[in-house]
$ cat structure_8.cif   # mmCIF, C-alpha atoms
data_final
#
loop_
_atom_site.label_atom_id
_atom_site.label_comp_id
_atom_site.auth_asym_id
_atom_site.auth_seq_id
_atom_site.Cartn_x
_atom_site.Cartn_y
_atom_site.Cartn_z
CA MET J 1 103.83 127.95 65.40
CA ALA J 2 102.69 125.70 62.56
CA LYS J 3 99.27 126.93 61.61
CA LYS J 4 98.13 125.75 58.21
CA ASP J 5 95.26 127.72 56.65
CA GLY J 6 94.67 129.33 60.04
CA GLY J 7 94.27 125.99 61.77
CA ILE J 8 96.37 123.94 64.13
CA ALA J 9 98.29 120.94 62.84
CA PHE J 10 97.41 117.58 64.39
CA ASN J 11 99.75 114.82 63.29
CA LEU J 12 98.83 111.22 63.96
CA ILE J 13 102.11 109.33 64.07
CA SER J 14 102.17 105.61 63.35
CA HIS J 15 104.40 103.43 65.50
CA GLN J 16 106.36 102.41 62.37
CA LYS J 17 107.51 106.01 61.90
CA LEU J 18 109.19 106.11 65.30
CA GLU J 19 110.15 102.50 65.97
CA HIS J 20 113.37 102.59 63.93
CA LEU J 21 114.57 105.74 65.70
CA SER J 22 116.77 105.65 68.76
CA SER J 23 115.23 107.07 71.95
CA SER J 24 117.32 110.19 71.56
CA ASP J 25 116.26 110.75 67.92
CA LYS J 26 112.64 110.02 68.80
CA LEU J 27 112.67 112.67 71.52
CA LYS J 28 114.43 115.14 69.23
CA TYR J 29 111.80 114.60 66.54
CA ILE J 30 108.89 114.98 68.98
CA LEU J 31 110.27 118.10 70.64
CA ASN J 32 111.05 119.77 67.31
CA GLU J 33 107.53 119.10 66.04
CA VAL J 34 105.93 120.37 69.24
CA LYS J 35 108.11 123.48 69.27
CA GLU J 36 106.87 124.15 65.74
CA GLY J 37 103.36 124.24 67.21
CA ARG J 38 102.15 120.82 66.10
CA ILE J 39 100.09 118.49 68.24
CA LEU J 40 101.17 114.88 67.91
CA VAL J 41 99.14 111.80 68.59
CA LEU J 42 101.52 108.86 68.85
CA GLU J 43 100.07 105.44 68.10
CA HIS J 44 102.61 103.96 70.50
CA GLY J 45 103.72 106.41 73.15
CA LEU J 46 106.94 106.67 75.07
CA THR J 47 108.35 104.49 77.81
CA PRO J 48 108.44 106.09 81.28
CA THR J 49 112.19 106.56 80.91
CA GLU J 50 111.69 108.33 77.55
CA GLN J 51 108.93 110.47 79.05
CA THR J 52 111.22 111.55 81.85
CA LYS J 53 113.93 112.38 79.31
CA LEU J 54 111.38 114.33 77.27
CA ILE J 55 110.52 116.42 80.33
CA GLU J 56 114.22 117.01 80.96
CA HIS J 57 114.84 118.07 77.32
CA THR J 58 111.72 120.24 77.39
CA MET J 59 113.00 122.14 80.43
CA LYS J 60 116.25 122.86 78.57
CA GLU J 61 114.32 124.18 75.58
CA ILE J 62 111.94 126.48 77.43
CA ASN J 63 112.18 130.00 76.19
CA HIS J 64 109.81 132.09 78.21
CA ASP J 65 108.63 134.17 75.26
CA THR J 66 108.15 131.45 72.65
CA PHE J 67 107.95 128.02 74.25
CA ILE J 68 106.62 127.39 77.76
CA GLY J 69 106.74 123.61 77.66
CA ILE J 70 104.59 120.67 76.68
CA GLU J 71 101.27 119.14 77.55
CA ILE J 72 101.31 115.37 77.45
CA GLY J 73 98.79 112.66 78.17
CA GLY J 74 98.96 108.95 77.51
CA TYR J 75 97.44 105.74 78.68
CA GLU J 76 99.32 103.59 81.14
CA ASN J 77 101.66 101.08 79.60
CA GLU J 78 100.10 97.82 78.53
CA LYS J 79 100.50 95.21 81.24
CA VAL J 80 102.42 92.09 80.36
CA GLY J 81 101.72 88.65 81.76
CA PHE J 82 103.93 86.53 83.96
CA PHE J 83 105.44 84.47 81.14
CA GLN J 84 106.10 87.54 79.01
CA ARG J 85 107.93 89.08 81.97
CA VAL J 86 109.97 85.90 82.37
CA PHE J 87 111.00 86.14 78.72
CA GLY J 88 111.90 89.80 79.09
CA VAL J 89 108.96 91.30 77.17
CA ALA J 90 108.73 94.94 78.26
CA LYS J 91 105.52 96.84 78.94
CA LYS J 92 104.34 98.46 75.73
CA PRO J 93 103.68 102.21 75.70
CA ARG J 94 100.21 103.13 74.48
CA MET J 95 98.62 106.01 72.62
CA THR J 96 99.88 109.40 73.75
CA VAL J 97 99.07 112.99 72.82
CA ILE J 98 101.79 115.63 73.06
CA GLY J 99 101.49 119.30 72.19
CA PRO J 100 102.82 122.72 73.05
CA ALA J 101 101.50 123.89 76.43
CA HIS J 102 100.40 127.26 75.03
CA LEU J 103 98.01 125.43 72.65
CA LEU J 104 96.97 122.17 74.25
CA LYS J 105 95.39 121.70 77.65
CA MET J 106 94.67 118.41 79.36
CA VAL J 107 91.15 118.56 80.79
CA HIS J 108 90.78 115.09 82.21
CA LYS J 109 92.50 111.76 82.00
CA ASP J 110 91.60 108.38 83.33
CA ASN J 111 92.10 104.76 82.31
CA ASP J 112 89.65 105.00 79.43
CA MET J 113 89.70 108.53 78.13
CA ILE J 114 92.03 111.47 77.63
CA GLU J 115 90.11 114.71 77.28
CA THR J 116 91.97 117.69 75.87
CA THR J 117 91.07 121.13 74.65
CA ILE J 118 92.70 123.72 72.44
CA ILE J 119 93.32 126.91 74.38
CA PRO J 120 90.97 129.63 73.04
CA GLY J 121 92.62 132.38 71.05
CA LYS J 122 95.37 130.12 69.79
CA GLY J 123 93.61 129.06 66.64
CA ALA J 124 90.57 127.33 68.13
CA SER J 125 88.12 130.13 67.47
CA MET A 1 122.40 101.23 127.34
CA GLY A 2 119.84 98.41 127.45
CA ILE A 3 120.37 94.93 126.06
CA LEU A 4 118.15 95.68 123.05
CA GLU A 5 120.07 98.86 122.23
CA LYS A 6 123.38 97.01 122.62
CA PHE A 7 122.16 94.35 120.17
CA ARG A 8 121.04 97.01 117.63
CA GLU A 9 124.45 98.63 117.74
CA SER A 10 126.33 95.33 117.57
CA LYS A 11 128.32 94.06 114.57
CA PHE A 12 126.06 91.00 114.47
CA SER A 13 122.96 93.19 114.05
CA LYS A 14 124.67 95.23 111.33
CA MET A 15 125.61 92.00 109.55
CA ILE A 16 122.01 90.77 109.69
CA LYS A 17 120.78 94.08 108.24
CA LYS A 18 123.36 93.89 105.50
CA VAL A 19 122.14 90.46 104.49
CA PHE A 20 118.40 90.90 104.91
CA GLY A 21 117.69 94.57 104.38
CA LYS A 22 118.82 98.17 104.29
CA SER A 23 119.43 100.12 107.47
CA HIS A 24 120.44 103.29 105.65
CA ALA A 25 118.63 104.56 102.59
CA LYS A 26 118.56 107.71 100.49
CA ILE A 27 114.90 108.71 100.20
CA GLY A 28 113.61 111.30 97.73
CA ILE A 29 110.46 113.31 98.23
CA TYR A 30 109.00 113.74 94.77
CA GLY A 31 105.85 115.11 93.17
CA PRO A 32 104.40 117.92 91.09
CA PRO A 33 104.73 121.53 92.32
CA ASN A 34 102.58 122.70 95.24
CA VAL A 35 101.55 119.32 96.61
CA GLY A 36 103.33 119.84 99.94
CA LYS A 37 106.70 118.15 99.46
CA THR A 38 108.67 120.63 101.56
CA THR A 39 105.88 120.77 104.16
CA LEU A 40 106.26 116.99 104.50
CA ALA A 41 110.07 117.20 104.59
CA ASN A 42 109.77 119.83 107.34
CA ARG A 43 107.30 117.63 109.22
CA ILE A 44 109.63 114.60 109.09
CA LEU A 45 112.63 116.65 110.20
CA ARG A 46 110.72 118.44 112.97
CA ASP A 47 109.41 115.11 114.28
CA TRP A 48 112.79 113.34 114.30
CA THR A 49 115.52 115.99 114.46
CA GLY A 50 113.84 119.26 115.45
CA ASP A 51 115.21 120.85 112.26
CA ILE A 52 113.47 122.07 109.07
CA MET A 53 114.25 121.57 105.37
CA GLY A 54 113.15 124.79 103.72
CA SER A 55 110.58 127.51 103.22
CA VAL A 56 107.09 126.83 101.88
CA SER A 57 104.86 129.05 99.80
CA GLU A 58 101.52 129.00 98.00
CA VAL A 59 103.40 130.15 94.88
CA PRO A 60 104.45 127.06 92.89
CA HIS A 61 108.14 126.18 92.50
CA GLU A 62 109.19 127.58 95.88
CA THR A 63 111.79 124.78 96.08
CA ARG A 64 113.99 125.24 93.03
CA ARG A 65 117.10 123.43 94.24
CA ALA A 66 117.17 120.02 95.84
CA LYS A 67 117.84 120.11 99.57
CA TRP A 68 118.87 117.25 101.78
CA LYS A 69 119.61 116.24 105.34
CA ASN A 70 121.65 113.20 106.25
CA ASN A 71 121.34 110.55 108.93
CA ILE A 72 117.75 111.01 110.02
CA ARG A 73 116.74 108.08 112.16
CA ILE A 74 113.09 107.20 112.44
CA ASN A 75 111.83 104.55 114.87
CA ASN A 76 108.77 102.47 115.29
CA GLY A 77 108.81 100.07 118.22
CA GLY A 78 111.68 97.67 117.53
CA SER A 79 112.33 98.80 113.94
CA SER A 80 114.17 101.80 112.66
CA LEU A 81 115.46 103.33 109.46
CA THR A 82 118.30 105.77 109.07
CA MET A 83 117.92 107.84 105.93
CA ASP A 84 119.29 110.72 103.97
CA LEU A 85 116.21 112.72 103.00
CA VAL A 86 116.17 114.64 99.71
CA ASP A 87 113.49 117.28 99.12
CA THR A 88 113.30 117.74 95.35
CA PRO A 89 111.87 120.59 93.25
CA GLY A 90 108.42 119.92 91.79
CA ILE A 91 108.38 118.14 88.44
CA ALA A 92 106.34 119.82 85.71
CA THR A 93 106.08 119.63 81.93
CA LYS A 94 105.53 123.37 81.50
CA ILE A 95 106.56 126.54 83.29
CA ASP A 96 105.01 129.85 82.30
CA PHE A 97 106.42 132.93 84.03
CA LYS A 98 103.18 134.80 83.29
CA GLU A 99 101.36 132.53 85.77
CA PHE A 100 103.50 133.93 88.59
CA MET A 101 102.59 137.46 87.49
CA ASN A 102 98.89 136.93 86.80
CA MET A 103 98.01 134.56 89.61
CA TYR A 104 100.41 135.56 92.37
CA GLY A 105 101.12 139.23 91.63
CA MET A 106 104.87 138.85 91.18
CA ASN A 107 106.73 141.39 89.07
CA LYS A 108 108.03 140.48 85.64
CA ASP A 109 111.72 140.19 86.50
CA ASP A 110 111.11 138.04 89.58
CA SER A 111 108.66 135.87 87.64
CA ARG A 112 111.11 135.26 84.81
CA LEU A 113 113.89 134.44 87.25
CA ARG A 114 111.65 132.08 89.21
CA ALA A 115 110.59 130.35 86.00
CA LYS A 116 114.19 129.97 84.83
CA GLU A 117 115.27 128.53 88.18
CA ALA A 118 112.23 126.26 88.19
CA THR A 119 113.24 124.69 84.84
CA GLU A 120 116.69 123.98 86.29
CA GLY A 121 115.03 122.54 89.39
CA VAL A 122 112.99 120.06 87.35
CA ILE A 123 116.16 118.84 85.63
CA GLU A 124 117.89 118.50 88.99
CA ALA A 125 114.97 116.53 90.45
CA ILE A 126 115.04 114.10 87.52
CA ARG A 127 118.80 113.62 87.82
CA TRP A 128 118.49 112.79 91.51
CA LEU A 129 116.48 109.72 90.50
CA ASP A 130 119.78 108.01 89.63
CA ASP A 131 120.98 108.33 93.19
CA ILE A 132 118.11 107.37 95.45
CA ASP A 133 116.87 104.15 97.02
CA GLY A 134 113.19 104.94 97.51
CA VAL A 135 110.60 107.63 96.93
CA VAL A 136 107.80 109.22 98.86
CA LEU A 137 105.63 110.48 96.01
CA VAL A 138 103.49 113.30 97.33
CA MET A 139 100.13 113.90 95.67
CA ASP A 140 97.48 116.47 96.44
CA ALA A 141 94.41 114.53 97.62
CA THR A 142 92.17 117.40 96.52
CA GLN A 143 93.33 117.15 92.88
CA ASP A 144 92.85 114.74 90.00
CA PRO A 145 95.62 112.14 90.50
CA PHE A 146 95.78 111.02 86.84
CA THR A 147 98.27 113.68 85.80
CA GLN A 148 100.98 112.73 83.37
CA VAL A 149 103.64 113.86 85.83
CA ASN A 150 102.37 111.40 88.45
CA VAL A 151 102.08 108.60 85.89
CA THR A 152 105.54 109.34 84.47
CA ILE A 153 107.24 109.42 87.88
CA ILE A 154 105.59 106.16 88.93
CA GLY A 155 106.45 104.46 85.62
CA ASN A 156 110.04 105.61 85.88
CA LEU A 157 110.42 104.37 89.47
CA GLU A 158 108.82 101.04 88.58
CA ALA A 159 111.30 100.65 85.71
CA ARG A 160 114.11 101.25 88.22
CA ASN A 161 112.54 98.82 90.71
CA LEU A 162 112.55 101.50 93.40
CA PRO A 163 110.04 101.28 96.26
CA ILE A 164 107.31 103.93 96.17
CA LEU A 165 105.07 105.21 98.91
CA ILE A 166 102.31 107.56 97.83
CA ALA A 167 101.53 110.22 100.42
CA ALA A 168 98.00 111.47 99.73
CA ASN A 169 98.55 114.90 101.24
CA LYS A 170 96.17 117.68 102.28
CA ILE A 171 93.50 115.36 103.67
CA ASP A 172 92.69 118.09 106.17
CA ALA A 173 91.13 119.97 103.23
CA GLU A 174 87.36 119.68 102.84
CA ASN A 175 87.39 118.36 99.28
CA ALA A 176 90.16 115.79 99.79
CA SER A 177 89.55 112.34 98.35
CA PRO A 178 92.35 109.91 99.26
CA ALA A 179 90.11 107.05 98.06
CA THR A 180 90.43 108.39 94.50
CA LEU A 181 94.22 108.15 94.78
CA LYS A 182 94.01 104.62 96.16
CA SER A 183 91.87 103.49 93.25
CA ALA A 184 94.10 105.32 90.74
CA PHE A 185 97.30 103.59 91.87
CA PRO A 186 96.27 100.29 93.48
CA GLN A 187 99.71 98.76 92.91
CA HIS A 188 101.39 101.01 95.51
CA PRO A 189 100.73 101.79 99.17
CA VAL A 190 98.78 105.05 99.54
CA ILE A 191 98.92 106.75 102.94
CA PRO A 192 96.50 109.61 103.54
CA ILE A 193 98.25 112.34 105.54
CA SER A 194 98.22 115.99 106.38
CA ALA A 195 101.82 117.19 106.37
CA LEU A 196 100.53 120.50 107.68
CA THR A 197 98.79 119.15 110.81
CA GLY A 198 100.80 115.93 111.15
CA TYR A 199 97.68 113.80 110.84
CA ASN A 200 98.52 110.10 110.20
CA THR A 201 102.23 110.75 109.71
CA GLU A 202 102.88 107.99 112.29
CA ASN A 203 101.42 105.55 109.79
CA LEU A 204 103.63 107.02 107.04
CA TYR A 205 106.74 106.48 109.21
CA THR A 206 105.74 102.87 109.88
CA MET A 207 105.36 102.29 106.14
CA MET A 208 108.65 104.04 105.37
CA ILE A 209 110.53 101.72 107.73
CA LYS A 210 108.74 98.70 106.27
CA GLU A 211 109.10 99.57 102.56
CA PHE A 212 112.44 101.34 102.47
CA GLY A 213 114.17 98.90 104.79
CA LYS A 214 113.68 96.02 102.34
CA LYS A 215 116.63 94.79 100.36
CA ARG A 216 116.12 95.45 96.63
CA HIS A 217 118.23 95.42 93.57
CA LYS A 218 117.66 98.71 91.84
CA LYS A 219 118.13 98.87 88.12
CA ARG A 220 120.32 101.56 86.65
CA ARG A 221 118.79 103.49 83.70
#

$ encode --input "structure_8.cif" --output "structure tokens"
Amino acid sequence: MAKKDGGIAFNLISHQKLEHLSSSDKLKYILNEVKEGRILVLEHGLTPTEQTKLIEHTMKEINHDTFIGIEIGGYENEKVGFFQRVFGVAKKPRMTVIGPAHLLKMVHKDNDMIETTIIPGKGAS
Amino acid sequence: MGILEKFRESKFSKMIKKVFGKSHAKIGIYGPPNVGKTTLANRILRDWTGDIMGSVSEVPHETRRAKWKNNIRINNGGSSLTMDLVDTPGIATKIDFKEFMNMYGMNKDDSRLRAKEATEGVIEAIRWLDDIDGVVLVMDATQDPFTQVNVTIIGNLEARNLPILIAANKIDAENASPATLKSAFPQHPVIPISALTGYNTENLYTMMIKEFGKKRHKKRR
């Protein structure tokens, strides 16, 4: 777990940092960071297909003593208009928070707010 | 055999279905753990074949391998749908064996085994997405619907252009709020049901025939 000075690392990741990576490299990067105990806030999140892949990779990485999985919350993809759809513009993923499930807990999520908490005893207190 | 039945079985009828819609579809029952997927699969099978799909339990991840039954024919008046029904393991982003011990009193070895099998089940459920024609996404009408698992499954199915029916299950429970689900996912049909009591499943069958019988071009991922 990546605690710095007794705290928990929150990394805010710009979309430029991930946009040049392939989906596979992006997921590898995210999962490695989360397994290290870091909580990531992605400026642009993942596509539904990438999210599904992330869940699949997470299941393969679960080690019941050290890594129990991830907590993830993001806003729905940005809607695109009719003409954008005609010209093949895909829905854009929006801000997403991803962290290790032993540290991060999703409290509530709706269209306008994602409420999370750090699990007590894991560096919050 | 009546004239109507003879027509339904005729080559001409099959040709019409081939052109205008599907008469046979592979339907997946998806959702997070413990929302009642297997209870619904059992309900559908009991109603149309007299069979059952699998065991149910209050302990999450009871279904850890996908199960399926082929050639289930459901009818509604003059319309019907023949489907292969796949009951998938619950999709989750985390699986902690300690939850089985602390919340359900299971011993350590059984809990670890269940957790390991559950991770494999999630992978299997995701892989089945490549092979299905439509999804009944089961949600617990007593719970907050805005979970990332629900959003991810819906987004994935939309990207594949697969038809989705949302079954707002457990409406027999006192605190159920199917209206919350309807407002959360207005772009898809939401059918409030109780898989346990069978309440409103007739309406679900009608919608299944309507939505899953349509001809669509699914996108491969």

$ interface_residues --input "structure_8.cif" --of "chain J" --to "chain A" --cutoff "12 Å" --atoms "all atoms listed in the file" --output "number ranges by chain"
J: 45-79, 90-93, 96-115

$ axis_aligned_box --input "structure_8.cif" --around "stretch 47-65 of chain J" --padding-each-side "8 Å" --output "JSON"
{"center_x": 112.3, "center_y": 119.3, "center_z": 78.6, "size_x": 23.9, "size_y": 45.7, "size_z": 22.6}

$ resolve_selection --input "structure_8.cif" --expression "the PyMOL selection byres ((chain J and resi 10-20) around 9)" --output "MDAnalysis selection string"
chainID J and resid 8:9 21:22 25:26 29 38:45 99

$ atom_distance --input "structure_8.cif" --atom1 "atom CA of A:Gly54" --atom2 "atom CA of A:Ile72"
15.8 Å

$ residues_around --input "structure_8.cif" --residues "A:Ser177" --least-positions-apart "5" --cutoff "10 Å" --atoms "only C-alpha atoms" --output "ChimeraX atom specification"
/A:140-145,168-171,182,192
